[in-house]
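The data block below is coords-v6.txt; it holds compact mmCIF, N, CA and C atoms.
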```
# COMPACT_ATOMS: atom_id res chain seq x y z
N MET M 1 -32.49 115.20 94.27
CA MET M 1 -31.35 114.35 93.93
C MET M 1 -30.83 114.77 92.56
N SER M 2 -29.54 114.71 92.40
CA SER M 2 -28.93 115.01 91.11
C SER M 2 -28.44 113.70 90.47
N TYR M 3 -28.33 113.74 89.15
CA TYR M 3 -27.94 112.56 88.40
C TYR M 3 -26.78 112.88 87.47
N LYS M 4 -25.99 111.87 87.19
CA LYS M 4 -24.98 111.94 86.14
C LYS M 4 -25.63 111.38 84.88
N ILE M 5 -25.03 111.66 83.74
CA ILE M 5 -25.51 111.03 82.51
C ILE M 5 -24.52 109.93 82.11
N SER M 6 -25.05 108.90 81.54
CA SER M 6 -24.22 107.79 81.07
C SER M 6 -23.53 108.16 79.77
N ASP M 7 -22.56 107.34 79.39
CA ASP M 7 -21.91 107.52 78.09
C ASP M 7 -22.92 107.40 76.95
N ALA M 8 -23.93 106.55 77.14
CA ALA M 8 -24.96 106.38 76.10
C ALA M 8 -25.72 107.70 75.87
N VAL M 9 -25.98 108.44 76.95
CA VAL M 9 -26.68 109.72 76.80
C VAL M 9 -25.77 110.72 76.08
N ALA M 10 -24.51 110.78 76.49
CA ALA M 10 -23.57 111.69 75.83
C ALA M 10 -23.44 111.37 74.35
N MET M 11 -23.35 110.08 74.03
CA MET M 11 -23.24 109.68 72.62
C MET M 11 -24.50 110.04 71.84
N ARG M 12 -25.66 109.90 72.47
CA ARG M 12 -26.91 110.27 71.78
C ARG M 12 -26.94 111.75 71.50
N MET M 13 -26.46 112.57 72.42
CA MET M 13 -26.42 114.02 72.20
C MET M 13 -25.52 114.35 70.99
N ILE M 14 -24.41 113.66 70.90
CA ILE M 14 -23.50 113.86 69.76
C ILE M 14 -24.19 113.42 68.47
N GLN M 15 -24.87 112.27 68.52
CA GLN M 15 -25.60 111.79 67.34
C GLN M 15 -26.65 112.79 66.90
N ILE M 16 -27.35 113.38 67.87
CA ILE M 16 -28.38 114.36 67.53
C ILE M 16 -27.77 115.53 66.78
N PHE M 17 -26.63 116.02 67.24
CA PHE M 17 -25.96 117.12 66.54
C PHE M 17 -25.60 116.69 65.11
N GLN M 18 -25.05 115.49 64.97
CA GLN M 18 -24.66 115.00 63.65
C GLN M 18 -25.88 114.84 62.73
N GLU M 19 -26.95 114.28 63.26
CA GLU M 19 -28.17 114.09 62.45
C GLU M 19 -28.74 115.44 62.01
N ALA M 20 -28.70 116.41 62.92
CA ALA M 20 -29.22 117.74 62.58
C ALA M 20 -28.42 118.34 61.42
N VAL M 21 -27.11 118.17 61.47
CA VAL M 21 -26.25 118.74 60.43
C VAL M 21 -26.40 117.96 59.11
N VAL M 22 -26.30 116.66 59.18
CA VAL M 22 -26.29 115.83 57.97
C VAL M 22 -27.66 115.79 57.29
N PHE M 23 -28.72 115.59 58.09
CA PHE M 23 -30.05 115.40 57.51
C PHE M 23 -30.86 116.69 57.47
N GLY M 24 -30.35 117.76 58.04
CA GLY M 24 -31.08 119.02 58.04
C GLY M 24 -32.31 118.98 58.94
N ILE M 25 -32.21 118.23 60.03
CA ILE M 25 -33.32 118.08 60.97
C ILE M 25 -33.12 119.08 62.11
N ASP M 26 -34.21 119.57 62.68
CA ASP M 26 -34.13 120.49 63.82
C ASP M 26 -33.62 119.74 65.04
N GLY M 27 -32.40 120.05 65.47
CA GLY M 27 -31.78 119.38 66.61
C GLY M 27 -32.54 119.58 67.90
N ALA M 28 -33.16 120.74 68.08
CA ALA M 28 -33.93 121.00 69.30
C ALA M 28 -35.11 120.03 69.41
N ASP M 29 -35.75 119.76 68.28
CA ASP M 29 -36.85 118.79 68.29
C ASP M 29 -36.35 117.41 68.69
N LEU M 30 -35.20 117.04 68.16
CA LEU M 30 -34.63 115.74 68.51
C LEU M 30 -34.28 115.66 69.99
N MET M 31 -33.76 116.75 70.55
CA MET M 31 -33.39 116.78 71.97
C MET M 31 -34.64 116.61 72.84
N ARG M 32 -35.74 117.24 72.45
CA ARG M 32 -36.96 117.14 73.24
C ARG M 32 -37.54 115.72 73.22
N GLN M 33 -37.21 114.95 72.22
CA GLN M 33 -37.74 113.59 72.11
C GLN M 33 -36.97 112.58 72.95
N VAL M 34 -35.79 112.94 73.43
CA VAL M 34 -34.95 112.01 74.19
C VAL M 34 -35.69 111.53 75.43
N ARG M 35 -35.61 110.23 75.68
CA ARG M 35 -36.23 109.63 76.86
C ARG M 35 -35.13 108.94 77.68
N LEU M 36 -35.06 109.33 78.95
CA LEU M 36 -34.04 108.80 79.85
C LEU M 36 -34.68 108.01 80.98
N ILE M 37 -33.93 107.04 81.48
CA ILE M 37 -34.36 106.26 82.64
C ILE M 37 -33.19 106.21 83.62
N VAL M 38 -33.49 105.88 84.86
CA VAL M 38 -32.42 105.66 85.83
C VAL M 38 -31.74 104.35 85.45
N ASP M 39 -30.43 104.38 85.40
CA ASP M 39 -29.65 103.21 85.02
C ASP M 39 -29.88 102.10 86.03
N PRO M 40 -30.30 100.92 85.58
CA PRO M 40 -30.54 99.82 86.52
C PRO M 40 -29.29 99.40 87.29
N LYS M 41 -28.12 99.69 86.75
CA LYS M 41 -26.86 99.31 87.40
C LYS M 41 -26.33 100.38 88.34
N ASP M 42 -26.85 101.62 88.21
CA ASP M 42 -26.34 102.74 89.01
C ASP M 42 -27.46 103.76 89.19
N ASP M 43 -28.04 103.82 90.38
CA ASP M 43 -29.21 104.67 90.60
C ASP M 43 -28.88 106.16 90.67
N GLU M 44 -27.63 106.53 90.42
CA GLU M 44 -27.26 107.95 90.36
C GLU M 44 -26.99 108.40 88.92
N THR M 45 -27.26 107.50 87.99
CA THR M 45 -26.96 107.78 86.58
C THR M 45 -28.20 107.61 85.72
N LEU M 46 -28.38 108.56 84.81
CA LEU M 46 -29.45 108.45 83.82
C LEU M 46 -28.87 107.85 82.54
N THR M 47 -29.64 106.97 81.93
CA THR M 47 -29.23 106.38 80.66
C THR M 47 -30.39 106.47 79.68
N VAL M 48 -30.13 106.14 78.45
CA VAL M 48 -31.14 106.24 77.39
C VAL M 48 -32.11 105.07 77.50
N ASP M 49 -33.39 105.37 77.39
CA ASP M 49 -34.44 104.35 77.43
C ASP M 49 -34.27 103.43 76.22
N PRO M 50 -34.19 102.11 76.42
CA PRO M 50 -34.01 101.19 75.29
C PRO M 50 -35.12 101.28 74.23
N ASP M 51 -36.36 101.51 74.66
CA ASP M 51 -37.46 101.65 73.69
C ASP M 51 -37.25 102.89 72.82
N TYR M 52 -36.78 103.96 73.45
CA TYR M 52 -36.49 105.19 72.71
C TYR M 52 -35.40 104.92 71.68
N MET M 53 -34.33 104.22 72.08
CA MET M 53 -33.22 103.95 71.15
C MET M 53 -33.67 103.07 69.99
N GLU M 54 -34.60 102.16 70.24
CA GLU M 54 -35.12 101.33 69.16
C GLU M 54 -35.86 102.21 68.14
N ALA M 55 -36.65 103.14 68.63
CA ALA M 55 -37.37 104.06 67.73
C ALA M 55 -36.38 104.96 66.99
N VAL M 56 -35.32 105.39 67.66
CA VAL M 56 -34.30 106.23 67.03
C VAL M 56 -33.64 105.46 65.87
N GLU M 57 -33.31 104.21 66.10
CA GLU M 57 -32.66 103.39 65.07
C GLU M 57 -33.56 103.24 63.85
N LYS M 58 -34.84 102.98 64.06
CA LYS M 58 -35.78 102.86 62.94
C LYS M 58 -35.86 104.16 62.16
N ASN M 59 -35.95 105.27 62.88
CA ASN M 59 -36.04 106.58 62.23
C ASN M 59 -34.76 106.90 61.47
N PHE M 60 -33.62 106.55 62.06
CA PHE M 60 -32.33 106.79 61.41
C PHE M 60 -32.25 106.00 60.10
N GLN M 61 -32.66 104.74 60.14
CA GLN M 61 -32.63 103.91 58.93
C GLN M 61 -33.51 104.51 57.84
N LYS M 62 -34.66 105.10 58.25
CA LYS M 62 -35.55 105.75 57.29
C LYS M 62 -34.85 106.94 56.64
N HIS M 63 -34.16 107.76 57.45
CA HIS M 63 -33.45 108.92 56.91
C HIS M 63 -32.30 108.50 55.98
N VAL M 64 -31.60 107.44 56.35
CA VAL M 64 -30.51 106.94 55.50
C VAL M 64 -31.06 106.46 54.16
N ALA M 65 -32.18 105.73 54.19
CA ALA M 65 -32.79 105.24 52.95
C ALA M 65 -33.21 106.41 52.07
N GLU M 66 -33.79 107.45 52.69
CA GLU M 66 -34.19 108.63 51.92
C GLU M 66 -32.98 109.34 51.32
N ALA M 67 -31.90 109.42 52.09
CA ALA M 67 -30.68 110.05 51.58
C ALA M 67 -30.10 109.26 50.42
N HIS M 68 -30.11 107.92 50.52
CA HIS M 68 -29.62 107.09 49.42
C HIS M 68 -30.48 107.27 48.18
N ALA M 69 -31.79 107.36 48.38
CA ALA M 69 -32.70 107.55 47.24
C ALA M 69 -32.42 108.89 46.56
N ARG M 70 -32.21 109.93 47.37
CA ARG M 70 -31.89 111.25 46.80
C ARG M 70 -30.56 111.19 46.04
N SER M 71 -29.58 110.52 46.62
CA SER M 71 -28.28 110.41 45.96
C SER M 71 -28.39 109.67 44.64
N ALA M 72 -29.16 108.60 44.64
CA ALA M 72 -29.34 107.81 43.42
C ALA M 72 -30.03 108.65 42.35
N ARG M 73 -31.07 109.40 42.76
CA ARG M 73 -31.76 110.26 41.78
C ARG M 73 -30.81 111.31 41.23
N GLU M 74 -30.01 111.91 42.10
CA GLU M 74 -29.07 112.94 41.65
C GLU M 74 -28.04 112.35 40.70
N LEU M 75 -27.56 111.14 40.99
CA LEU M 75 -26.60 110.48 40.11
C LEU M 75 -27.23 110.19 38.75
N ILE M 76 -28.44 109.70 38.74
CA ILE M 76 -29.14 109.43 37.47
C ILE M 76 -29.33 110.72 36.69
N GLU M 77 -29.72 111.78 37.38
CA GLU M 77 -29.92 113.07 36.71
C GLU M 77 -28.61 113.58 36.10
N ARG M 78 -27.48 113.42 36.83
CA ARG M 78 -26.18 113.85 36.29
C ARG M 78 -25.79 113.00 35.08
N GLU M 79 -26.06 111.70 35.14
CA GLU M 79 -25.74 110.81 34.02
C GLU M 79 -26.59 111.16 32.80
N LEU M 80 -27.87 111.44 33.01
CA LEU M 80 -28.73 111.83 31.89
C LEU M 80 -28.27 113.15 31.29
N GLU M 81 -27.90 114.09 32.14
CA GLU M 81 -27.41 115.38 31.65
C GLU M 81 -26.14 115.20 30.82
N ALA M 82 -25.23 114.34 31.29
CA ALA M 82 -24.00 114.08 30.55
C ALA M 82 -24.31 113.41 29.21
N ALA M 83 -25.26 112.47 29.22
CA ALA M 83 -25.65 111.79 27.97
C ALA M 83 -26.26 112.77 26.99
N GLU M 84 -27.08 113.69 27.49
CA GLU M 84 -27.69 114.70 26.62
C GLU M 84 -26.63 115.62 26.02
N LYS M 85 -25.65 116.00 26.81
CA LYS M 85 -24.56 116.85 26.30
C LYS M 85 -23.76 116.11 25.25
N THR M 86 -23.51 114.82 25.51
CA THR M 86 -22.76 114.03 24.53
C THR M 86 -23.55 113.92 23.23
N ALA M 87 -24.84 113.65 23.34
CA ALA M 87 -25.68 113.55 22.14
C ALA M 87 -25.71 114.87 21.38
N ALA M 88 -25.79 115.99 22.09
CA ALA M 88 -25.80 117.30 21.44
C ALA M 88 -24.46 117.54 20.75
N PHE M 89 -23.37 117.14 21.38
CA PHE M 89 -22.05 117.30 20.78
C PHE M 89 -21.93 116.47 19.50
N VAL M 90 -22.40 115.23 19.57
CA VAL M 90 -22.35 114.35 18.39
C VAL M 90 -23.19 114.94 17.26
N ARG M 91 -24.39 115.45 17.59
CA ARG M 91 -25.24 116.08 16.57
C ARG M 91 -24.54 117.28 15.95
N SER M 92 -23.85 118.07 16.76
CA SER M 92 -23.16 119.24 16.21
C SER M 92 -22.02 118.81 15.29
N LEU M 93 -21.34 117.72 15.66
CA LEU M 93 -20.27 117.21 14.79
C LEU M 93 -20.87 116.71 13.48
N GLU M 94 -21.98 116.01 13.56
CA GLU M 94 -22.64 115.51 12.34
C GLU M 94 -23.09 116.67 11.47
N ALA M 95 -23.62 117.72 12.08
CA ALA M 95 -24.09 118.87 11.33
C ALA M 95 -22.92 119.58 10.64
N SER M 96 -21.81 119.71 11.38
CA SER M 96 -20.66 120.39 10.76
C SER M 96 -20.05 119.52 9.68
N ASP M 97 -20.12 118.20 9.83
CA ASP M 97 -19.64 117.30 8.79
C ASP M 97 -20.51 117.40 7.55
N ASP M 98 -21.82 117.58 7.72
CA ASP M 98 -22.73 117.76 6.60
C ASP M 98 -22.42 119.05 5.84
N LEU M 99 -22.03 120.09 6.58
CA LEU M 99 -21.69 121.38 5.95
C LEU M 99 -20.41 121.24 5.11
N VAL M 100 -19.47 120.44 5.58
CA VAL M 100 -18.20 120.28 4.88
C VAL M 100 -18.40 119.46 3.60
N ASN M 101 -19.27 118.46 3.64
CA ASN M 101 -19.48 117.59 2.48
C ASN M 101 -20.46 118.21 1.58
```
Here is a file; write its structure as structure tokens.
Amino acid sequence: MSYKISDAVAMRMIQIFQEAVVFGIDGADLMRQVRLIVDPKDDETLTVDPDYMEAVEKNFQKHVAEAHARSARELIERELEAAEKTAAFVRSLEASDDLVN
């Protein structure tokens, strides 16, 4: 017997591609993890297993939290670098002012 895929399966495939690109995850590994069931409403269609989608959502939230943490660290590092440059500039102005006086 052959099966069609549901819109949910197609959307998950698109999400996998996006996650692979955005998070730098191996898309092939994500594809192998997909779990499908026969759609209870249409026995000729495969749909995404609800338990699998629950696990996907938890994993996605973990990756988003990690990405936010990385972004926050990078922002703090840029702010510290800017503050250090400003402090160095102020010190150079003070030093040149000392030379003039």
So which bits of chain M end up strand (DSSP E) when you DSSP the backbone, as a PDB file with N, CA and C atoms, keeping the file's coordinate frame?
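part.pdb written:
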```pdb
ATOM      1  N   LYS M   4     -25.990 111.870  87.190  1.00  0.00           N
ATOM      2  CA  LYS M   4     -24.980 111.940  86.140  1.00  0.00           C
ATOM      3  C   LYS M   4     -25.630 111.380  84.880  1.00  0.00           C
ATOM      4  N   ILE M   5     -25.030 111.660  83.740  1.00  0.00           N
ATOM      5  CA  ILE M   5     -25.510 111.030  82.510  1.00  0.00           C
ATOM      6  C   ILE M   5     -24.520 109.930  82.110  1.00  0.00           C
ATOM      7  N   LEU M  36     -35.060 109.330  78.950  1.00  0.00           N
ATOM      8  CA  LEU M  36     -34.040 108.800  79.850  1.00  0.00           C
ATOM      9  C   LEU M  36     -34.680 108.010  80.980  1.00  0.00           C
ATOM     10  N   ILE M  37     -33.930 107.040  81.480  1.00  0.00           N
ATOM     11  CA  ILE M  37     -34.360 106.260  82.640  1.00  0.00           C
ATOM     12  C   ILE M  37     -33.190 106.210  83.620  1.00  0.00           C
ATOM     13  N   VAL M  38     -33.490 105.880  84.860  1.00  0.00           N
ATOM     14  CA  VAL M  38     -32.420 105.660  85.830  1.00  0.00           C
ATOM     15  C   VAL M  38     -31.740 104.350  85.450  1.00  0.00           C
ATOM     16  N   ASP M  39     -30.430 104.380  85.400  1.00  0.00           N
ATOM     17  CA  ASP M  39     -29.650 103.210  85.020  1.00  0.00           C
ATOM     18  C   ASP M  39     -29.880 102.100  86.030  1.00  0.00           C
ATOM     19  N   ASP M  42     -26.850 101.620  88.210  1.00  0.00           N
ATOM     20  CA  ASP M  42     -26.340 102.740  89.010  1.00  0.00           C
ATOM     21  C   ASP M  42     -27.460 103.760  89.190  1.00  0.00           C
ATOM     22  N   ASP M  43     -28.040 103.820  90.380  1.00  0.00           N
ATOM     23  CA  ASP M  43     -29.210 104.670  90.600  1.00  0.00           C
ATOM     24  C   ASP M  43     -28.880 106.160  90.670  1.00  0.00           C
ATOM     25  N   GLU M  44     -27.630 106.530  90.420  1.00  0.00           N
ATOM     26  CA  GLU M  44     -27.260 107.950  90.360  1.00  0.00           C
ATOM     27  C   GLU M  44     -26.990 108.400  88.920  1.00  0.00           C
ATOM     28  N   THR M  45     -27.260 107.500  87.990  1.00  0.00           N
ATOM     29  CA  THR M  45     -26.960 107.780  86.580  1.00  0.00           C
ATOM     30  C   THR M  45     -28.200 107.610  85.720  1.00  0.00           C
ATOM     31  N   LEU M  46     -28.380 108.560  84.810  1.00  0.00           N
ATOM     32  CA  LEU M  46     -29.450 108.450  83.820  1.00  0.00           C
ATOM     33  C   LEU M  46     -28.870 107.850  82.540  1.00  0.00           C
ATOM     34  N   THR M  47     -29.640 106.970  81.930  1.00  0.00           N
ATOM     35  CA  THR M  47     -29.230 106.380  80.660  1.00  0.00           C
ATOM     36  C   THR M  47     -30.390 106.470  79.680  1.00  0.00           C
ATOM     37  N   VAL M  48     -30.130 106.140  78.450  1.00  0.00           N
ATOM     38  CA  VAL M  48     -31.140 106.240  77.390  1.00  0.00           C
ATOM     39  C   VAL M  48     -32.110 105.070  77.500  1.00  0.00           C
TER      40      VAL M  48
END
```
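Computed from the coordinates, the atom CA of Glu44 of chain M to atom CA of Ser2 of chain M distance equals 7.3 Å.
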Please indicate the distance in Å from atom N of Asp7 of chain M to atom N of Val22 of chain M, rounded to one decimal place.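 Between atom N of Asp7 of chain M and atom N of Val22 of chain M the gap is 22.6 Å.
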Write out as a PyMOL selection string which residues come within 10 Å of Tyr52 of chain M when counting only C-alpha atoms, dropping same-chain ones fewer than 2 positions away. chain M and resi 33-36+48-50+54-57
Restricting it to N, CA and C atoms, dump the selection as a short mmCIF file (atom, residue, chain, number, x, y, z; two decimals), keeping the file's coordinate frame.
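Final output, again28.cif:
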```cif
data_model
loop_
_atom_site.label_atom_id
_atom_site.label_comp_id
_atom_site.auth_asym_id
_atom_site.auth_seq_id
_atom_site.Cartn_x
_atom_site.Cartn_y
_atom_site.Cartn_z
N GLN M 33 -37.21 114.95 72.22
CA GLN M 33 -37.74 113.59 72.11
C GLN M 33 -36.97 112.58 72.95
N VAL M 34 -35.79 112.94 73.43
CA VAL M 34 -34.95 112.01 74.19
C VAL M 34 -35.69 111.53 75.43
N ARG M 35 -35.61 110.23 75.68
CA ARG M 35 -36.23 109.63 76.86
C ARG M 35 -35.13 108.94 77.68
N LEU M 36 -35.06 109.33 78.95
CA LEU M 36 -34.04 108.80 79.85
C LEU M 36 -34.68 108.01 80.98
N VAL M 48 -30.13 106.14 78.45
CA VAL M 48 -31.14 106.24 77.39
C VAL M 48 -32.11 105.07 77.50
N ASP M 49 -33.39 105.37 77.39
CA ASP M 49 -34.44 104.35 77.43
C ASP M 49 -34.27 103.43 76.22
N PRO M 50 -34.19 102.11 76.42
CA PRO M 50 -34.01 101.19 75.29
C PRO M 50 -35.12 101.28 74.23
N GLU M 54 -34.60 102.16 70.24
CA GLU M 54 -35.12 101.33 69.16
C GLU M 54 -35.86 102.21 68.14
N ALA M 55 -36.65 103.14 68.63
CA ALA M 55 -37.37 104.06 67.73
C ALA M 55 -36.38 104.96 66.99
N VAL M 56 -35.32 105.39 67.66
CA VAL M 56 -34.30 106.23 67.03
C VAL M 56 -33.64 105.46 65.87
N GLU M 57 -33.31 104.21 66.10
CA GLU M 57 -32.66 103.39 65.07
C GLU M 57 -33.56 103.24 63.85
#
```
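Distance check against Tyr3 of chain M using only C-alpha atoms: of M:Asp43, M:Glu84, M:Glu66, M:Asp26, the minimum falls on M:Asp43.
Here atom CA of Val64 of chain M stands at a distance of 24.2 Å from atom CA of Leu80 of chain M.
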So which residues are close to (-26.5, 113.6, 84.3), meaning at most 9 Å away in the file's coordinates with only C-alpha atoms counted, and can you show them as a VMD selection string? chain M and resid 2 to 6 9 44 to 47
From a DSSP calculation on the backbone, collect every residue of chain M in helix (DSSP H, G or I) and output the set as a ChimeraX atom specification. /M:7-23,27-33,50-100
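Restricting the calculation to only C-alpha atoms, the smallest distance between Arg70 of chain M and any of M:Phe23, M:Met1, M:Ala83, M:Met31 is found for M:Phe23.
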